[in-house]
Amino acid sequence: MAKRLLSLLVVITLLGGFVLFGGGLQAEAEELVFATVVKSVAFNWFIRMEEGVLQFGKDYGVKAFMEGPSVADSAQQVAIIEDLIAQGVDAIINVPYGVEEHEPVQKKAMDEGIIVVTHEASFVKNAHYDLEAFDNKAYGEEMMKELATRMGEKGKYVQFVGSLTNASHNEWQDAALAYQREHYPEMEFIGKYESKEDQEIVYNTVKDLLKTHPDLKGVMGSAALDVVGAGRVFEELGISEETVVVGTSIPSYAGELLKTGAVDLAMTWDPATAGYAANVVAYKIIQGEEITEGMDLGVPGYESIKIIENESGVPVIYGAGWAKIDASNMDQYPF
Amino acid sequence: MKKLLNSHEFVVFLILMIISIVIGFRNPLFFSASTLFDIVRGSIVYCIMGLGVLMVLISGNVDISFVAIAAMTSYSTHMLLLGLGYNGGIGLYLVVSIVFGLLAGLLMAFIVNQFDLPIFYVSLGYQTLWYGFNLFFIGRAMNFNLPEGLVGYYSRFLIKVKDPVAGETGLHVSVVYLLIIAIFVWWLLKYTTFGRGLYAMGGNREVAIRAGFNVKRITYLMLALSGALAAVAGVIQGAYSRSFNPVLFMGQDLDVIAAVVIGGAAITGGRGSVVGTILGVLLIQVLNRGLIFLGVSAEWQKMVVGLVLIIFISIPAIAEQRQGRLKYFPMGKEK
């Protein structure tokens with residue numbers, strides 16, 4: 001018996017040690033609490049966003065933090081938001097993995113008096129505001145122009161989206177497809193595939209697609225890892241010279257492949273400033289300030305915002321401009 | 001010969017062949033050396049983890065924590081060696097991670113043995129524990145900085161083939177690890193007291209104890225080995241994808257178990273083989289990838305995998321029923 005107790009003690013000490021380091025989130029009274037919920041906390045993209053969220057917290061004296069599931073999964077993300085509603089946070093900034101799956105929980109938060117601002121969700125129905133780094137249609141068209149120029153305006157290409165229900169990803173790719181059909185008739189669209197934000201899925205899909213479409217020349221990526229999976233295939237097969245990979249990504253993911261040219265171009269916006277700006281929007285609403293066209297949200301890219309209502313009547317705030325990153329300028333983007 | 005034809009492994013092999021022929025009939029490009037090598041490459045890590053799962057299943061237990069152990073061991077090893085400025089190849093990665101894997105397995109066995117708990121119960125918490133450990137103590141970001149010795153590992157081949165359509169591909173060198181591990185596990189199961197003990201435990205735990213098997217020692221060895229195999233799989237996967245991921249394989253635990261069960265391992269214990277496990281993983285790979293060759297939707301393919309799983313779990317049950325009936329005819333009884 002004593003031996004069993006002893007071993008119980010050993011296990012508790014081992015496991016309990018982890019817990020003690022943790023420390024809970026305890027908000028002080030009367031301090032505003034803003035939660036930013038993202039697709040996954042394990043993505044470099046959102047770790048960069050967290051920097052912006054924490055900076056906002058410091059600048060505005062708000063308890064601002066970021067949460068999200070370990071892997072991109074709407075069900076887990078919704079559960080986290082449910083918890084935050086129960087905790088009674090003042091604002092939720094949500095970057096939904098799938099927009100539709102998040103509508104009910106966002107509505108619930110709004111009904112509870114919580115300010116809801118979304119990001120990468122310009123079709124959203126239930127939110128006070130949505131904030132986008134730029135006009136998604138223009139971004140998708142720009143991506144297509146970059147792809148087409150590099151492909152010589154002809155040949156087969158495929159698209160990847162993180163999830164078929166991700167609003168921004170699909171908006172980019174649909175705009176790109178429409179632009180291609182209008183301007184580059186010699187290019188052939190093969191299909192739009194779901195990467196589930198997992199580069200292994202892109203890797204296997206591209207490899208298998210190559211067997212059915214040996215003359216595949218171009219890949220467009222939406223999630224930050226899409227171009228990495230595709231670039232790896234072309235590099236390993238030794239055909240990265242003849243193929244073109246263009247899409248949203250960041251140097252900490254695509255860096256090595258940007259250098260070798262297996263990924264031709266990464267397009268992006270800074271997740272940190274987007275996270276900062278979205279929190280500022282929530283702050284201004286709580287302070288009773290009106291969000292107006294041309295307003296300065298205090299971070300680069302959002303000095304003069306544009307506001308357009310979407311189909312569901314939710315005002316969507318647009319910042320200005322995106323960045324194009326290749327081997328020559330990747331050092332300027334430390335994320 | 002008749003025994004071979006009646007064996008579960010042969011049935012799996014036959015179905016694997018039939019499915020391959022059907023896919024190849026619809027899309028002849030499926031029949032190429034590069035497709036074969038791609039499928040093998042995609043299967044290696046799952047086979048290695050599957051062989052660990054196999055031992056646990058044979059003993060009449062279910063463990064879902066091996067995916068987290070793979071993530072913890074590979075990610076911790078990577079961050080540790082990176083911190084020490086290691087610049088060599090995969091060798092030291094394997095050694096360090098195997099040590100971590102053995103320790104994680106031993107700790108689990110300690111908990112299981114001391115408190116007489118079913119492995120499944122412990123593994124529920126154990127999985128979350130190690131993913132949490134990674135995210136909290138080691139880091140949350142996927143890390144793309146490889147030591148020089150690992151750069152290029154992803155395209156090191158035993159046999160190279162000129163792919164008719166897409167450059168160069170080949171049989172990846174890591175297949176050697178799988179071969180060594182498969183032979184080792186096969187030898188353990190067939191020729192050692194440990195192996196016979198596993199089957200005995202799975203057949204009837206009480207009887208095994210009375211027959212003189214040291215069930216606790218077997219549990220220690222089994223979970224330590226399973227942890228080490230998970231560690232090897234984690235490192236190989238990291239080397240393939242050129243990045244080490246703190247939440248590697250998250251959500252794929254049941255896929256691996258399903259593959260092993262399809263390969264003939266009984267979820268209730270006492271039955272299972274190395275060859276069956278490898279065939280089971282290959283079958284799932286072919287089913288999953290056939291989708292792109294056939295051009296069917298992802299949802300439909302998920303349903304097919306589910307149906308195959310149900311059928312394969314039913315086969316042994318039906319066979320046993322039939323054997324039960326055949327008891328009245330001693331000639332037809334096999335066991």
# chains A, B, ... in the order shown; residues from 1 in each chain; ligands from 1

call {"tool": "residues_around", "arguments": {"residues": "range 144-153 of chain B", "least_positions_apart": "5", "cutoff": "8 Å", "atoms": "only C-alpha atoms", "output": "MDAnalysis selection string"}}
result
(chainID A and resid 252:253) or (chainID B and resid 82 86:90 239:240 242:244)

call {"tool": "write_last_selection", "arguments": {"atoms": "all heavy atoms", "output": "mmCIF file, in the first residue's frame"}}
result
data_model
loop_
_atom_site.group_PDB
_atom_site.id
_atom_site.type_symbol
_atom_site.label_atom_id
_atom_site.label_comp_id
_atom_site.auth_asym_id
_atom_site.auth_seq_id
_atom_site.Cartn_x
_atom_site.Cartn_y
_atom_site.Cartn_z
ATOM 1 N N SER A 252 9.081 32.561 -42.945
ATOM 2 C CA SER A 252 9.465 31.515 -41.997
ATOM 3 C C SER A 252 8.951 30.153 -42.438
ATOM 4 O O SER A 252 9.444 29.120 -42.006
ATOM 5 C CB SER A 252 8.980 31.847 -40.588
ATOM 6 O OG SER A 252 7.579 31.769 -40.521
ATOM 7 N N TYR A 253 7.966 30.115 -43.302
ATOM 8 C CA TYR A 253 7.507 28.849 -43.874
ATOM 9 C C TYR A 253 8.219 28.550 -45.187
ATOM 10 O O TYR A 253 8.730 27.476 -45.413
ATOM 11 C CB TYR A 253 6.001 28.900 -44.163
ATOM 12 C CG TYR A 253 5.108 28.683 -42.970
ATOM 13 C CD1 TYR A 253 3.794 29.154 -42.977
ATOM 14 C CD2 TYR A 253 5.550 27.995 -41.860
ATOM 15 C CE1 TYR A 253 2.956 28.950 -41.890
ATOM 16 C CE2 TYR A 253 4.721 27.793 -40.781
ATOM 17 C CZ TYR A 253 3.421 28.267 -40.796
ATOM 18 O OH TYR A 253 2.593 28.053 -39.734
ATOM 19 N N LEU B 82 19.058 21.554 -32.315
ATOM 20 C CA LEU B 82 19.188 22.869 -32.951
ATOM 21 C C LEU B 82 19.857 23.838 -31.976
ATOM 22 O O LEU B 82 20.762 24.591 -32.325
ATOM 23 C CB LEU B 82 17.794 23.384 -33.332
ATOM 24 C CG LEU B 82 17.686 24.337 -34.504
ATOM 25 C CD1 LEU B 82 18.175 23.684 -35.778
ATOM 26 C CD2 LEU B 82 16.236 24.786 -34.663
ATOM 27 N N TYR B 86 23.881 21.412 -33.527
ATOM 28 C CA TYR B 86 24.177 20.166 -34.243
ATOM 29 C C TYR B 86 24.030 20.365 -35.746
ATOM 30 O O TYR B 86 23.096 21.015 -36.199
ATOM 31 C CB TYR B 86 23.218 19.073 -33.761
ATOM 32 C CG TYR B 86 23.338 17.752 -34.470
ATOM 33 C CD1 TYR B 86 24.455 16.946 -34.316
ATOM 34 C CD2 TYR B 86 22.302 17.298 -35.275
ATOM 35 C CE1 TYR B 86 24.539 15.725 -34.957
ATOM 36 C CE2 TYR B 86 22.372 16.069 -35.919
ATOM 37 C CZ TYR B 86 23.503 15.285 -35.750
ATOM 38 O OH TYR B 86 23.575 14.077 -36.381
ATOM 39 N N ASN B 87 24.971 19.821 -36.498
ATOM 40 C CA ASN B 87 24.925 20.032 -37.943
ATOM 41 C C ASN B 87 24.930 18.748 -38.756
ATOM 42 O O ASN B 87 25.047 18.776 -39.966
ATOM 43 C CB ASN B 87 26.114 20.895 -38.371
ATOM 44 C CG ASN B 87 25.640 22.277 -38.773
ATOM 45 O OD1 ASN B 87 24.499 22.426 -39.216
ATOM 46 N ND2 ASN B 87 26.482 23.263 -38.612
ATOM 47 N N GLY B 88 24.812 17.616 -38.055
ATOM 48 C CA GLY B 88 24.938 16.338 -38.744
ATOM 49 C C GLY B 88 23.636 15.826 -39.319
ATOM 50 O O GLY B 88 22.678 16.579 -39.503
ATOM 51 N N GLY B 89 23.601 14.533 -39.569
ATOM 52 C CA GLY B 89 22.475 13.931 -40.249
ATOM 53 C C GLY B 89 21.428 13.355 -39.319
ATOM 54 O O GLY B 89 21.326 13.762 -38.150
ATOM 55 N N ILE B 90 20.697 12.363 -39.838
ATOM 56 C CA ILE B 90 19.520 11.850 -39.143
ATOM 57 C C ILE B 90 19.913 10.900 -38.003
ATOM 58 O O ILE B 90 19.122 10.658 -37.096
ATOM 59 C CB ILE B 90 18.575 11.146 -40.147
ATOM 60 C CG1 ILE B 90 17.172 11.020 -39.550
ATOM 61 C CG2 ILE B 90 19.141 9.793 -40.578
ATOM 62 C CD1 ILE B 90 16.118 10.642 -40.546
ATOM 63 N N ALA B 239 11.872 14.852 -41.210
ATOM 64 C CA ALA B 239 12.890 14.950 -42.254
ATOM 65 C C ALA B 239 12.249 15.006 -43.634
ATOM 66 O O ALA B 239 12.710 15.719 -44.514
ATOM 67 C CB ALA B 239 13.843 13.752 -42.174
ATOM 68 N N TYR B 240 11.151 14.272 -43.823
ATOM 69 C CA TYR B 240 10.421 14.325 -45.094
ATOM 70 C C TYR B 240 9.894 15.714 -45.363
ATOM 71 O O TYR B 240 10.003 16.240 -46.447
ATOM 72 C CB TYR B 240 9.172 13.444 -45.019
ATOM 73 C CG TYR B 240 9.358 11.989 -45.306
ATOM 74 C CD1 TYR B 240 8.283 11.120 -45.167
ATOM 75 C CD2 TYR B 240 10.565 11.481 -45.723
ATOM 76 C CE1 TYR B 240 8.412 9.786 -45.418
ATOM 77 C CE2 TYR B 240 10.701 10.140 -45.978
ATOM 78 C CZ TYR B 240 9.620 9.288 -45.823
ATOM 79 O OH TYR B 240 9.735 7.959 -46.077
ATOM 80 N N ARG B 242 10.617 18.512 -44.041
ATOM 81 C CA ARG B 242 11.588 19.591 -43.827
ATOM 82 C C ARG B 242 11.174 20.516 -42.702
ATOM 83 O O ARG B 242 11.516 21.682 -42.674
ATOM 84 C CB ARG B 242 11.739 20.457 -45.083
ATOM 85 C CG ARG B 242 11.960 19.670 -46.320
ATOM 86 C CD ARG B 242 12.021 20.589 -47.497
ATOM 87 N NE ARG B 242 12.161 19.803 -48.703
ATOM 88 C CZ ARG B 242 12.500 20.305 -49.873
ATOM 89 N NH1 ARG B 242 12.738 21.587 -49.980
ATOM 90 N NH2 ARG B 242 12.611 19.538 -50.914
ATOM 91 N N SER B 243 10.370 20.008 -41.795
ATOM 92 C CA SER B 243 9.949 20.874 -40.700
ATOM 93 C C SER B 243 9.519 20.005 -39.540
ATOM 94 O O SER B 243 9.036 18.892 -39.741
ATOM 95 C CB SER B 243 8.778 21.735 -41.149
ATOM 96 O OG SER B 243 7.694 20.920 -41.520
ATOM 97 N N PHE B 244 9.741 20.508 -38.349
ATOM 98 C CA PHE B 244 9.333 19.758 -37.168
ATOM 99 C C PHE B 244 8.152 20.463 -36.527
ATOM 100 O O PHE B 244 8.176 21.668 -36.321
ATOM 101 C CB PHE B 244 10.520 19.584 -36.212
ATOM 102 C CG PHE B 244 11.477 18.546 -36.722
ATOM 103 C CD1 PHE B 244 12.423 18.870 -37.686
ATOM 104 C CD2 PHE B 244 11.389 17.237 -36.291
ATOM 105 C CE1 PHE B 244 13.290 17.902 -38.186
ATOM 106 C CE2 PHE B 244 12.250 16.264 -36.789
ATOM 107 C CZ PHE B 244 13.202 16.601 -37.733
#

call {"tool": "residues_around", "arguments": {"residues": "range 104-110 of chain A", "least_positions_apart": "4", "cutoff": "7 Å", "atoms": "only C-alpha atoms", "output": "PyMOL selection string"}}
result
chain A and resi 78+82+85+114-116+126-127

call {"tool": "residues_around", "arguments": {"residues": "Met108 in chain B", "least_positions_apart": "3", "cutoff": "9 Å", "atoms": "only C-alpha atoms", "output": "ChimeraX atom specification"}}
result
/B:103-105,111-113,119,122-123,126,220,223-224

call {"tool": "interface_residues", "arguments": {"of": "chain B", "to": "chain A", "cutoff": "9 Å", "atoms": "only C-alpha atoms", "output": "PyMOL selection string"}}
result
chain B and resi 27+29-30+35+38+42+107+110-111+114-115+129+131-133+135-137+139-145+152+154-155+163-169+241-243+245-247+250-251+289-290+292-293

call {"tool": "closest_residue", "arguments": {"among": "A:Ala75, A:Ala230, A:Ala138, A:Val53", "to": "Gln159 in chain A", "atoms": "only C-alpha atoms"}}
result
A:Ala230

call {"tool": "residues_around", "arguments": {"residues": "Val185 in chain B", "least_positions_apart": "3", "cutoff": "8 Å", "atoms": "only C-alpha atoms", "output": "number ranges by chain"}}
result
B: 51, 181-182, 188-189, 274

call {"tool": "write_last_selection", "arguments": {"atoms": "C-alpha atoms", "output": "PDB file, in the first residue's frame"}}
result
ATOM      1  CA  LEU B  51       4.004  -1.900 -35.797  1.00  0.00           C
ATOM      2  CA  ILE B 181      12.010  -2.628 -37.786  1.00  0.00           C
ATOM      3  CA  ALA B 182       9.549  -4.986 -39.482  1.00  0.00           C
ATOM      4  CA  LEU B 188       9.986 -10.560 -31.418  1.00  0.00           C
ATOM      5  CA  LEU B 189       6.448 -11.767 -32.011  1.00  0.00           C
ATOM      6  CA  VAL B 274       3.556  -7.686 -39.190  1.00  0.00           C
TER       7      VAL B 274
END

call {"tool": "select_by_dssp", "arguments": {"residues": "range 164-331 of chain A", "states": "strand (DSSP E)", "output": "number ranges by chain"}}
result
A: 187-194, 216-221, 244-248, 265-268, 306-309, 315-318, 323-325

call {"tool": "write_last_selection", "arguments": {"atoms": "N, CA and C atoms", "output": "JSON list (two decimals), in the first residue's frame"}}
result
[["chain", "number", "residue", "atom", "x", "y", "z"],
["A", 187, "MET", "N", -4.76, 29.54, -70.59],
["A", 187, "MET", "CA", -4.47, 28.82, -69.36],
["A", 187, "MET", "C", -5.64, 27.90, -69.03],
["A", 188, "GLU", "N", -5.30, 26.73, -68.46],
["A", 188, "GLU", "CA", -6.36, 25.77, -68.18],
["A", 188, "GLU", "C", -6.45, 25.47, -66.68],
["A", 189, "PHE", "N", -7.64, 25.69, -66.15],
["A", 189, "PHE", "CA", -7.88, 25.46, -64.73],
["A", 189, "PHE", "C", -8.23, 24.00, -64.49],
["A", 190, "ILE", "N", -7.52, 23.33, -63.57],
["A", 190, "ILE", "CA", -7.77, 21.90, -63.35],
["A", 190, "ILE", "C", -8.70, 21.66, -62.18],
["A", 191, "GLY", "N", -8.53, 22.43, -61.13],
["A", 191, "GLY", "CA", -9.43, 22.22, -60.00],
["A", 191, "GLY", "C", -8.98, 22.98, -58.79],
["A", 192, "LYS", "N", -9.90, 23.03, -57.82],
["A", 192, "LYS", "CA", -9.60, 23.70, -56.54],
["A", 192, "LYS", "C", -9.62, 22.62, -55.47],
["A", 193, "TYR", "N", -8.50, 22.44, -54.78],
["A", 193, "TYR", "CA", -8.38, 21.37, -53.79],
["A", 193, "TYR", "C", -8.25, 21.94, -52.39],
["A", 194, "GLU", "N", -8.67, 21.13, -51.44],
["A", 194, "GLU", "CA", -8.62, 21.54, -50.04],
["A", 194, "GLU", "C", -7.31, 21.03, -49.42],
["A", 216, "LEU", "N", 1.20, 19.79, -65.81],
["A", 216, "LEU", "CA", 0.81, 20.79, -64.81],
["A", 216, "LEU", "C", 1.94, 21.80, -64.64],
["A", 217, "LYS", "N", 1.60, 23.07, -64.77],
["A", 217, "LYS", "CA", 2.67, 24.07, -64.71],
["A", 217, "LYS", "C", 2.57, 25.03, -63.52],
["A", 218, "GLY", "N", 1.36, 25.23, -63.03],
["A", 218, "GLY", "CA", 1.22, 26.26, -62.01],
["A", 218, "GLY", "C", 0.42, 25.81, -60.81],
["A", 219, "VAL", "N", 0.79, 26.32, -59.63],
["A", 219, "VAL", "CA", 0.03, 26.07, -58.41],
["A", 219, "VAL", "C", -0.20, 27.40, -57.71],
["A", 220, "MET", "N", -1.45, 27.64, -57.30],
["A", 220, "MET", "CA", -1.76, 28.81, -56.50],
["A", 220, "MET", "C", -2.13, 28.35, -55.10],
["A", 221, "GLY", "N", -1.53, 28.94, -54.09],
["A", 221, "GLY", "CA", -1.81, 28.54, -52.72],
["A", 221, "GLY", "C", -2.55, 29.63, -51.97],
["A", 244, "VAL", "N", 5.57, 26.92, -61.74],
["A", 244, "VAL", "CA", 5.38, 28.18, -61.04],
["A", 244, "VAL", "C", 4.52, 27.95, -59.80],
["A", 245, "VAL", "N", 4.99, 28.41, -58.66],
["A", 245, "VAL", "CA", 4.21, 28.32, -57.43],
["A", 245, "VAL", "C", 4.07, 29.72, -56.85],
["A", 246, "VAL", "N", 2.84, 30.17, -56.75],
["A", 246, "VAL", "CA", 2.56, 31.51, -56.24],
["A", 246, "VAL", "C", 1.45, 31.38, -55.22],
["A", 247, "GLY", "N", 1.56, 32.09, -54.11],
["A", 247, "GLY", "CA", 0.45, 32.05, -53.16],
["A", 247, "GLY", "C", 0.76, 32.78, -51.88],
["A", 248, "THR", "N", -0.22, 32.78, -51.00],
["A", 248, "THR", "CA", -0.04, 33.42, -49.71],
["A", 248, "THR", "C", 0.92, 32.58, -48.88],
["A", 265, "LEU", "N", 6.83, 33.01, -55.69],
["A", 265, "LEU", "CA", 6.42, 34.27, -55.06],
["A", 265, "LEU", "C", 5.48, 33.98, -53.89],
["A", 266, "ALA", "N", 5.78, 34.61, -52.76],
["A", 266, "ALA", "CA", 4.87, 34.55, -51.62],
["A", 266, "ALA", "C", 4.21, 35.91, -51.49],
["A", 267, "MET", "N", 2.89, 35.91, -51.43],
["A", 267, "MET", "CA", 2.18, 37.17, -51.22],
["A", 267, "MET", "C", 1.63, 37.14, -49.81],
["A", 268, "THR", "N", 1.62, 38.28, -49.17],
["A", 268, "THR", "CA", 1.19, 38.25, -47.78],
["A", 268, "THR", "C", 0.78, 39.63, -47.28],
["A", 306, "LYS", "N", -10.98, 51.74, -45.65],
["A", 306, "LYS", "CA", -12.18, 51.80, -46.49],
["A", 306, "LYS", "C", -13.23, 50.90, -45.85],
["A", 307, "ILE", "N", -14.49, 51.29, -45.90],
["A", 307, "ILE", "CA", -15.54, 50.45, -45.33],
["A", 307, "ILE", "C", -16.60, 50.16, -46.39],
["A", 308, "ILE", "N", -16.87, 48.88, -46.59],
["A", 308, "ILE", "CA", -17.93, 48.48, -47.52],
["A", 308, "ILE", "C", -18.79, 47.44, -46.83],
["A", 309, "GLU", "N", -20.12, 47.63, -46.88],
["A", 309, "GLU", "CA", -21.00, 46.63, -46.27],
["A", 309, "GLU", "C", -21.07, 45.39, -47.15],
["A", 315, "PRO", "N", -20.47, 45.61, -41.89],
["A", 315, "PRO", "CA", -19.46, 46.47, -42.48],
["A", 315, "PRO", "C", -18.09, 45.80, -42.51],
["A", 316, "VAL", "N", -17.47, 45.80, -43.67],
["A", 316, "VAL", "CA", -16.16, 45.18, -43.81],
["A", 316, "VAL", "C", -15.12, 46.29, -43.99],
["A", 317, "ILE", "N", -14.11, 46.28, -43.12],
["A", 317, "ILE", "CA", -13.07, 47.30, -43.14],
["A", 317, "ILE", "C", -11.90, 46.78, -43.97],
["A", 318, "TYR", "N", -11.45, 47.59, -44.92],
["A", 318, "TYR", "CA", -10.31, 47.18, -45.74],
["A", 318, "TYR", "C", -9.10, 48.06, -45.46],
["A", 323, "ALA", "N", 2.02, 42.59, -49.50],
["A", 323, "ALA", "CA", 3.44, 42.54, -49.79],
["A", 323, "ALA", "C", 3.72, 41.38, -50.73],
["A", 324, "LYS", "N", 4.67, 41.56, -51.62],
["A", 324, "LYS", "CA", 5.09, 40.47, -52.49],
["A", 324, "LYS", "C", 6.51, 40.12, -52.11],
["A", 325, "ILE", "N", 6.72, 38.85, -51.76],
["A", 325, "ILE", "CA", 8.02, 38.45, -51.25],
["A", 325, "ILE", "C", 8.65, 37.39, -52.15]]

call {"tool": "residues_around", "arguments": {"residues": "Tyr129 in chain A", "least_positions_apart": "6", "cutoff": "12 Å", "atoms": "only C-alpha atoms", "output": "ChimeraX atom specification"}}
result
/A:91-94,106,110,115-123,277-285,290-292,307-310,312-318

call {"tool": "closest_residue", "arguments": {"among": "B:Gly101, B:Gly195, B:Gly295, B:Gly263", "to": "Ala233 in chain B", "atoms": "only C-alpha atoms"}}
result
B:Gly101

call {"tool": "atom_distance", "arguments": {"atom1": "CA of Phe31 in chain B", "atom2": "CA of Ile19 in chain B"}}
result
12.1 Å

call {"tool": "decode", "arguments": {"residues": "range 89-96 of chain B", "atoms": "all heavy atoms", "output": "PDB file, in the first residue's frame"}}
result
ATOM      1  N   GLY B  89      23.601  14.533 -39.569  1.00  0.00           N
ATOM      2  CA  GLY B  89      22.475  13.931 -40.249  1.00  0.00           C
ATOM      3  C   GLY B  89      21.428  13.355 -39.319  1.00  0.00           C
ATOM      4  O   GLY B  89      21.326  13.762 -38.150  1.00  0.00           O
ATOM      5  N   ILE B  90      20.697  12.363 -39.838  1.00  0.00           N
ATOM      6  CA  ILE B  90      19.520  11.850 -39.143  1.00  0.00           C
ATOM      7  C   ILE B  90      19.913  10.900 -38.003  1.00  0.00           C
ATOM      8  O   ILE B  90      19.122  10.658 -37.096  1.00  0.00           O
ATOM      9  CB  ILE B  90      18.575  11.146 -40.147  1.00  0.00           C
ATOM     10  CG1 ILE B  90      17.172  11.020 -39.550  1.00  0.00           C
ATOM     11  CG2 ILE B  90      19.141   9.793 -40.578  1.00  0.00           C
ATOM     12  CD1 ILE B  90      16.118  10.642 -40.546  1.00  0.00           C
ATOM     13  N   GLY B  91      21.157  10.380 -38.025  1.00  0.00           N
ATOM     14  CA  GLY B  91      21.574   9.387 -37.040  1.00  0.00           C
ATOM     15  C   GLY B  91      21.344   9.806 -35.609  1.00  0.00           C
ATOM     16  O   GLY B  91      20.630   9.140 -34.853  1.00  0.00           O
ATOM     17  N   LEU B  92      21.916  10.947 -35.217  1.00  0.00           N
ATOM     18  CA  LEU B  92      21.782  11.394 -33.839  1.00  0.00           C
ATOM     19  C   LEU B  92      20.333  11.745 -33.510  1.00  0.00           C
ATOM     20  O   LEU B  92      19.860  11.540 -32.395  1.00  0.00           O
ATOM     21  CB  LEU B  92      22.695  12.608 -33.590  1.00  0.00           C
ATOM     22  CG  LEU B  92      22.830  13.018 -32.129  1.00  0.00           C
ATOM     23  CD1 LEU B  92      23.474  11.907 -31.318  1.00  0.00           C
ATOM     24  CD2 LEU B  92      23.676  14.293 -32.004  1.00  0.00           C
ATOM     25  N   TYR B  93      19.613  12.264 -34.501  1.00  0.00           N
ATOM     26  CA  TYR B  93      18.187  12.552 -34.311  1.00  0.00           C
ATOM     27  C   TYR B  93      17.462  11.294 -33.860  1.00  0.00           C
ATOM     28  O   TYR B  93      16.667  11.314 -32.925  1.00  0.00           O
ATOM     29  CB  TYR B  93      17.558  13.042 -35.623  1.00  0.00           C
ATOM     30  CG  TYR B  93      17.512  14.535 -35.753  1.00  0.00           C
ATOM     31  CD1 TYR B  93      18.646  15.249 -36.088  1.00  0.00           C
ATOM     32  CD2 TYR B  93      16.324  15.238 -35.538  1.00  0.00           C
ATOM     33  CE1 TYR B  93      18.613  16.622 -36.210  1.00  0.00           C
ATOM     34  CE2 TYR B  93      16.281  16.607 -35.651  1.00  0.00           C
ATOM     35  CZ  TYR B  93      17.419  17.299 -35.994  1.00  0.00           C
ATOM     36  OH  TYR B  93      17.377  18.658 -36.102  1.00  0.00           O
ATOM     37  N   LEU B  94      17.771  10.183 -34.583  1.00  0.00           N
ATOM     38  CA  LEU B  94      17.091   8.926 -34.257  1.00  0.00           C
ATOM     39  C   LEU B  94      17.472   8.467 -32.856  1.00  0.00           C
ATOM     40  O   LEU B  94      16.604   8.093 -32.059  1.00  0.00           O
ATOM     41  CB  LEU B  94      17.442   7.857 -35.294  1.00  0.00           C
ATOM     42  CG  LEU B  94      16.792   8.049 -36.665  1.00  0.00           C
ATOM     43  CD1 LEU B  94      17.349   7.058 -37.674  1.00  0.00           C
ATOM     44  CD2 LEU B  94      15.275   7.893 -36.566  1.00  0.00           C
ATOM     45  N   VAL B  95      18.773   8.530 -32.537  1.00  0.00           N
ATOM     46  CA  VAL B  95      19.229   8.038 -31.240  1.00  0.00           C
ATOM     47  C   VAL B  95      18.554   8.817 -30.102  1.00  0.00           C
ATOM     48  O   VAL B  95      17.954   8.236 -29.194  1.00  0.00           O
ATOM     49  CB  VAL B  95      20.767   8.140 -31.131  1.00  0.00           C
ATOM     50  CG1 VAL B  95      21.216   7.814 -29.716  1.00  0.00           C
ATOM     51  CG2 VAL B  95      21.431   7.213 -32.141  1.00  0.00           C
ATOM     52  N   VAL B  96      18.637  10.146 -30.175  1.00  0.00           N
ATOM     53  CA  VAL B  96      18.075  10.966 -29.089  1.00  0.00           C
ATOM     54  C   VAL B  96      16.569  10.752 -28.975  1.00  0.00           C
ATOM     55  O   VAL B  96      16.026  10.557 -27.886  1.00  0.00           O
ATOM     56  CB  VAL B  96      18.392  12.461 -29.317  1.00  0.00           C
ATOM     57  CG1 VAL B  96      17.721  13.320 -28.251  1.00  0.00           C
ATOM     58  CG2 VAL B  96      19.892  12.682 -29.321  1.00  0.00           C
TER      59      VAL B  96
END
